[in-house]
Amino acid sequence: MLIKKIKEKKARIGVIGLGYVGLPLVIEFGKAGFQVMGLDIDETKVDRLSRGESYIKHIPAESIRKLNAEKRLEVNTDFSQVSRLDCILICVPTPLTDSRDPDLSYVESTARTIAATLRPGQLVVLESTTYPGTTRDVLLPLLEASGLAVGKDFFVAYSPEREDPGNPQYRADSIPKVVGGIDSTSRQLACALYESVVTRVVPVSTCEVAEACKIVENTYRSVNIALVNELTLLCDRMGLDVWEVLDAAETKPFGFMPFYPGPGWGGHCIPVDPVYLSWKAKADGGEAGFIDHAVHINDRMPSYVVQRVADMLNEQGYSVRGSRILLLGVAYKRDVADIRESP
């Protein structure tokens with residue numbers, strides 16, 4: 001049985017997508033004593049991992065070299081190898097299209113690839129951030145096209161990634177893992193899998209709850225970032241120092257959590273996930289006006305910064321044209337090399 005193989009660490013683990021989410025999982029499962037396979041379409045990533053190199057700043061190369069030396073890590077661009085795996089974790093991108101609709105093409109193509117060699121006894125877990133219903137309505141039908149039955153022949157769960165790149169306080173093994181299954185057996189298997197590498201697993205009733213949980217977490221941040229950015233605009237008009245205002249508010253020991261203004265938002269989650277939730281709300285005949293307003297505020301902050309620079313130059317008798325502008329920091333947050341969605 002798969003549960004026995006997981007608990008005895010004899011299950012072969014596969015991680016599809018070796019980016020900021022997938023690579024830390026590969027390392028944690030390898031450190032825990034599992035045989036791990038990392039799969040990616042990017043040959044450069046696979047080659048570098050084979051040589052014991054890291055391409056992510058906060059992941060030391062030593063951890064990769066150690067797994068290679070212990071022969072616990074195999075990396076591959078050949079996706080037919082998923083048939084050798086017992087547990088398959090999907091960590092592929094879920095960006096937005098040019099029209100700002102959810103782009104699930106990476107999830108769909110990965111699911112079709114898995115379905116081509118899907119065999120009885122395998123567990124498939126989606127980790128990519130997405131709207132509630134994706135696992136059941138998009139991933140599952142593609143896997144069932146194999147002719148196998150979920151809950152009987154194979155198992156499906158959803159467990160959202162929770163990475164905070166550049167923050168040494170939290171690692172993949174120390175962040176609680178939320179898990180929802182298509183059925184109770186799938187949830188039980190996924191919980192057992194993650195319990196072997198993280199300090200706390202939080203089971204929830206369905207995949208949809210787990211999917212919504214992730215989007216709510218990032219929407220919370222999105223809305224609060226937008227609130228403090230809008231306050232920045234208001235304080236500017238009123239001639240107030242928003243930093244002094246926030247420092248004063250932060251002295252309240254209850255009912256207040258400080259967020260700080262910036263030139264916008266960035267990264268692979270916060271600018272994208274709330275749009276997924278808003279899209280789903282509209283698809284179901286509802287609306288998400290509060291979320292949409294937050295997106296509008298955060299999207300306009302780069303233009304506000306440019307206008308403030310122009311105003312400050314004008315005060316000194318200079319125009320933007322011909323002036324030399326220095327930008328310190330190009331990534332979306334400190335201590336990361338990730339420039340995705342950077343303002």
# chains A, B, ... in the order shown; residues from 1 in each chain; ligands from 1
>>> residues_around(residues="Ala172 of chain A", least_positions_apart="6", cutoff="12 Å", atoms="only C-alpha atoms", output="list in words")
Tyr20, Val21, Gly22, Leu23, Pro24, Leu25, Val26, Ile27, Glu28, Phe29, Lys31, His58, Ile59, Pro160, Glu161, Arg162, Glu163, Asp164, Pro165, Tyr194, Val197, Val198, Thr199 and Arg200 of chain A
>>> write_last_selection(atoms="C-alpha atoms", output="mmCIF file, in the first residue's frame")
data_model
loop_
_atom_site.group_PDB
_atom_site.id
_atom_site.type_symbol
_atom_site.label_atom_id
_atom_site.label_comp_id
_atom_site.auth_asym_id
_atom_site.auth_seq_id
_atom_site.Cartn_x
_atom_site.Cartn_y
_atom_site.Cartn_z
ATOM 1 C CA TYR A 20 11.059 28.825 -5.977
ATOM 2 C CA VAL A 21 8.407 26.335 -4.831
ATOM 3 C CA GLY A 22 9.523 23.027 -6.299
ATOM 4 C CA LEU A 23 13.237 23.083 -5.511
ATOM 5 C CA PRO A 24 12.820 23.598 -1.733
ATOM 6 C CA LEU A 25 10.412 20.623 -1.706
ATOM 7 C CA VAL A 26 12.941 18.469 -3.547
ATOM 8 C CA ILE A 27 15.565 19.284 -0.928
ATOM 9 C CA GLU A 28 13.265 18.672 2.060
ATOM 10 C CA PHE A 29 12.090 15.267 0.808
ATOM 11 C CA LYS A 31 16.852 15.392 3.465
ATOM 12 C CA HIS A 58 18.537 31.478 -0.696
ATOM 13 C CA ILE A 59 19.095 27.781 -1.494
ATOM 14 C CA PRO A 160 -0.925 25.224 -1.629
ATOM 15 C CA GLU A 161 2.685 26.337 -1.590
ATOM 16 C CA ARG A 162 3.694 28.733 1.185
ATOM 17 C CA GLU A 163 7.146 30.041 0.374
ATOM 18 C CA ASP A 164 8.592 33.359 1.562
ATOM 19 C CA PRO A 165 11.824 33.795 -0.439
ATOM 20 C CA TYR A 194 3.777 16.037 4.062
ATOM 21 C CA VAL A 197 8.865 16.669 5.973
ATOM 22 C CA VAL A 198 6.989 19.554 7.669
ATOM 23 C CA THR A 199 6.401 20.365 11.319
ATOM 24 C CA ARG A 200 2.612 20.694 11.017
#
>>> residues_around(residues="Pro271 of chain A", least_positions_apart="5", cutoff="9 Å", atoms="only C-alpha atoms", output="JSON, numbers by chain")
{"A": [218, 219, 222, 265, 266, 295, 298, 299, 341]}
>>> write_last_selection(atoms="N, CA and C atoms", output="mmCIF file, in the first residue's frame")
data_model
loop_
_atom_site.group_PDB
_atom_site.id
_atom_site.type_symbol
_atom_site.label_atom_id
_atom_site.label_comp_id
_atom_site.auth_asym_id
_atom_site.auth_seq_id
_atom_site.Cartn_x
_atom_site.Cartn_y
_atom_site.Cartn_z
ATOM 1 N N ASN A 218 -3.127 35.582 0.273
ATOM 2 C CA ASN A 218 -2.470 36.598 -0.538
ATOM 3 C C ASN A 218 -3.373 37.787 -0.840
ATOM 4 N N THR A 219 -4.689 37.553 -0.876
ATOM 5 C CA THR A 219 -5.607 38.672 -1.051
ATOM 6 C C THR A 219 -5.576 39.576 0.178
ATOM 7 N N SER A 222 -2.648 41.675 -0.343
ATOM 8 C CA SER A 222 -2.907 42.598 -1.448
ATOM 9 C C SER A 222 -3.740 43.787 -0.999
ATOM 10 N N TRP A 265 3.551 46.441 -6.160
ATOM 11 C CA TRP A 265 3.611 45.089 -5.619
ATOM 12 C C TRP A 265 4.321 44.204 -6.635
ATOM 13 N N GLY A 266 4.728 43.013 -6.214
ATOM 14 C CA GLY A 266 5.444 42.137 -7.135
ATOM 15 C C GLY A 266 5.516 40.721 -6.633
ATOM 16 N N VAL A 295 -6.373 46.007 -6.559
ATOM 17 C CA VAL A 295 -5.540 45.797 -7.745
ATOM 18 C C VAL A 295 -5.279 47.133 -8.442
ATOM 19 N N ASN A 298 -2.731 49.325 -6.344
ATOM 20 C CA ASN A 298 -1.355 48.813 -6.395
ATOM 21 C C ASN A 298 -0.749 48.935 -7.790
ATOM 22 N N ASP A 299 -1.569 48.760 -8.819
ATOM 23 C CA ASP A 299 -1.073 48.872 -10.189
ATOM 24 C C ASP A 299 -0.674 50.304 -10.544
ATOM 25 N N GLU A 341 6.927 40.371 -11.968
ATOM 26 C CA GLU A 341 5.909 41.358 -11.587
ATOM 27 C C GLU A 341 6.480 42.513 -10.775
#
>>> residues_around(residues="Arg136 of chain A", least_positions_apart="5", cutoff="12 Å", atoms="only C-alpha atoms", output="list in words")
Val125, Leu126, Thr130, Tyr131, Pro141, Leu142, Leu143, Glu144, Val150, Phe155, Val156, Ala157, Tyr158, Gly180, Gly181, Ile182, Asp183, Thr206, Cys207, Glu208, Val209, Ala210 and Glu211 of chain A
>>> closest_residue(among="A:Arg334, A:Arg171, A:Lys280, A:Arg340", to="Pro132 of chain A", atoms="only C-alpha atoms")
A:Lys280
>>> select_by_dssp(residues="segment 130-330 of chain A", states="alpha helix (DSSP H)", output="PyMOL selection string")
chain A and resi 134+140-144+184-195+207-238+242-249+273-283+289-315
>>> closest_residue(among="A:Asp137, A:Glu195, A:Asp47, A:Asp86", to="Lys7 of chain A", atoms="only C-alpha atoms")
A:Glu195
>>> closest_atom_pairs(of="segment 147-200 of chain A", to="segment 101-121 of chain A", cutoff="9 Å", atoms="only C-alpha atoms", output="Markdown table")
| residue | atom | partner | partner_atom | distance |
| --- | --- | --- | --- | --- |
| A:Gly147 | CA | A:Ala115 | CA | 9.0 |
| A:Leu148 | CA | A:Pro120 | CA | 7.4 |
| A:Ala149 | CA | A:Pro120 | CA | 8.8 |
| A:Lys152 | CA | A:Pro120 | CA | 8.1 |
| A:Asp153 | CA | A:Pro120 | CA | 4.5 |
| A:Phe154 | CA | A:Gly121 | CA | 5.2 |
| A:Phe155 | CA | A:Gly121 | CA | 7.6 |
>>> residues_around(residues="Asp42 of chain A", least_positions_apart="3", cutoff="8 Å", atoms="only C-alpha atoms", output="list of chain:residue names")
A:Lys45, A:Val46, A:Thr77
>>> atom_distance(atom1="atom CA of Pro93 of chain A", atom2="atom CA of Tyr220 of chain A")
21.0 Å
>>> atom_distance(atom1="atom CA of Pro168 of chain A", atom2="atom CA of Ile270 of chain A")
19.7 Å
>>> atom_distance(atom1="atom CA of Val201 of chain A", atom2="atom CA of Val179 of chain A")
7.1 Å
>>> select_by_dssp(residues="segment 12-160 of chain A", states="strand (DSSP E)", output="list in words")
Arg12, Ile13, Gly14, Val15, Ile16, Gln35, Val36, Met37, Gly38, Leu39, Leu73, Glu74, Val75, Asn76, Cys87, Ile88, Leu89, Ile90, Leu123, Val124, Val125, Leu126, Phe155, Val156, Ala157 and Tyr158 of chain A
>>> residues_around(residues="Pro302 of chain A", least_positions_apart="4", cutoff="9 Å", atoms="only C-alpha atoms", output="PDB file with N, CA, C and O atoms, in the first residue's frame")
ATOM      1  N   GLY A 262       4.943  51.395  -0.751  1.00  0.00           N
ATOM      2  CA  GLY A 262       6.027  51.077  -1.665  1.00  0.00           C
ATOM      3  C   GLY A 262       5.654  51.470  -3.081  1.00  0.00           C
ATOM      4  O   GLY A 262       4.579  52.031  -3.320  1.00  0.00           O
ATOM      5  N   PRO A 263       6.501  51.162  -4.040  1.00  0.00           N
ATOM      6  CA  PRO A 263       6.244  51.558  -5.427  1.00  0.00           C
ATOM      7  C   PRO A 263       5.269  50.643  -6.164  1.00  0.00           C
ATOM      8  O   PRO A 263       5.131  50.726  -7.372  1.00  0.00           O
ATOM      9  N   GLY A 264       4.606  49.760  -5.453  1.00  0.00           N
ATOM     10  CA  GLY A 264       3.662  48.842  -6.081  1.00  0.00           C
ATOM     11  C   GLY A 264       3.711  47.495  -5.391  1.00  0.00           C
ATOM     12  O   GLY A 264       3.900  47.411  -4.187  1.00  0.00           O
ATOM     13  N   ASN A 298      -2.731  49.325  -6.344  1.00  0.00           N
ATOM     14  CA  ASN A 298      -1.355  48.813  -6.395  1.00  0.00           C
ATOM     15  C   ASN A 298      -0.749  48.935  -7.790  1.00  0.00           C
ATOM     16  O   ASN A 298       0.450  49.194  -7.940  1.00  0.00           O
ATOM     17  N   VAL A 306       6.819  57.785 -10.282  1.00  0.00           N
ATOM     18  CA  VAL A 306       7.397  58.561 -11.378  1.00  0.00           C
ATOM     19  C   VAL A 306       6.957  60.024 -11.288  1.00  0.00           C
ATOM     20  O   VAL A 306       7.765  60.951 -11.470  1.00  0.00           O
ATOM     21  N   GLN A 307       5.678  60.244 -10.992  1.00  0.00           N
ATOM     22  CA  GLN A 307       5.179  61.619 -10.878  1.00  0.00           C
ATOM     23  C   GLN A 307       5.824  62.346  -9.707  1.00  0.00           C
ATOM     24  O   GLN A 307       6.166  63.530  -9.820  1.00  0.00           O
ATOM     25  N   PRO A 343       7.453  45.998  -9.545  1.00  0.00           N
ATOM     26  CA  PRO A 343       6.950  47.311  -9.962  1.00  0.00           C
ATOM     27  C   PRO A 343       8.021  48.165 -10.634  1.00  0.00           C
ATOM     28  O   PRO A 343       7.680  49.084 -11.378  1.00  0.00           O
TER      29      PRO A 343
END
>>> residues_around(residues="Glu287 of chain A", least_positions_apart="6", cutoff="12 Å", atoms="only C-alpha atoms", output="list in words")
Val275, Leu277, Ser278, Trp279, Lys280, Ala281 and His293 of chain A
>>> closest_residue(among="A:Leu326, A:Ile339, A:Met37, A:Val272", to="Ile291 of chain A", atoms="only C-alpha atoms")
A:Val272
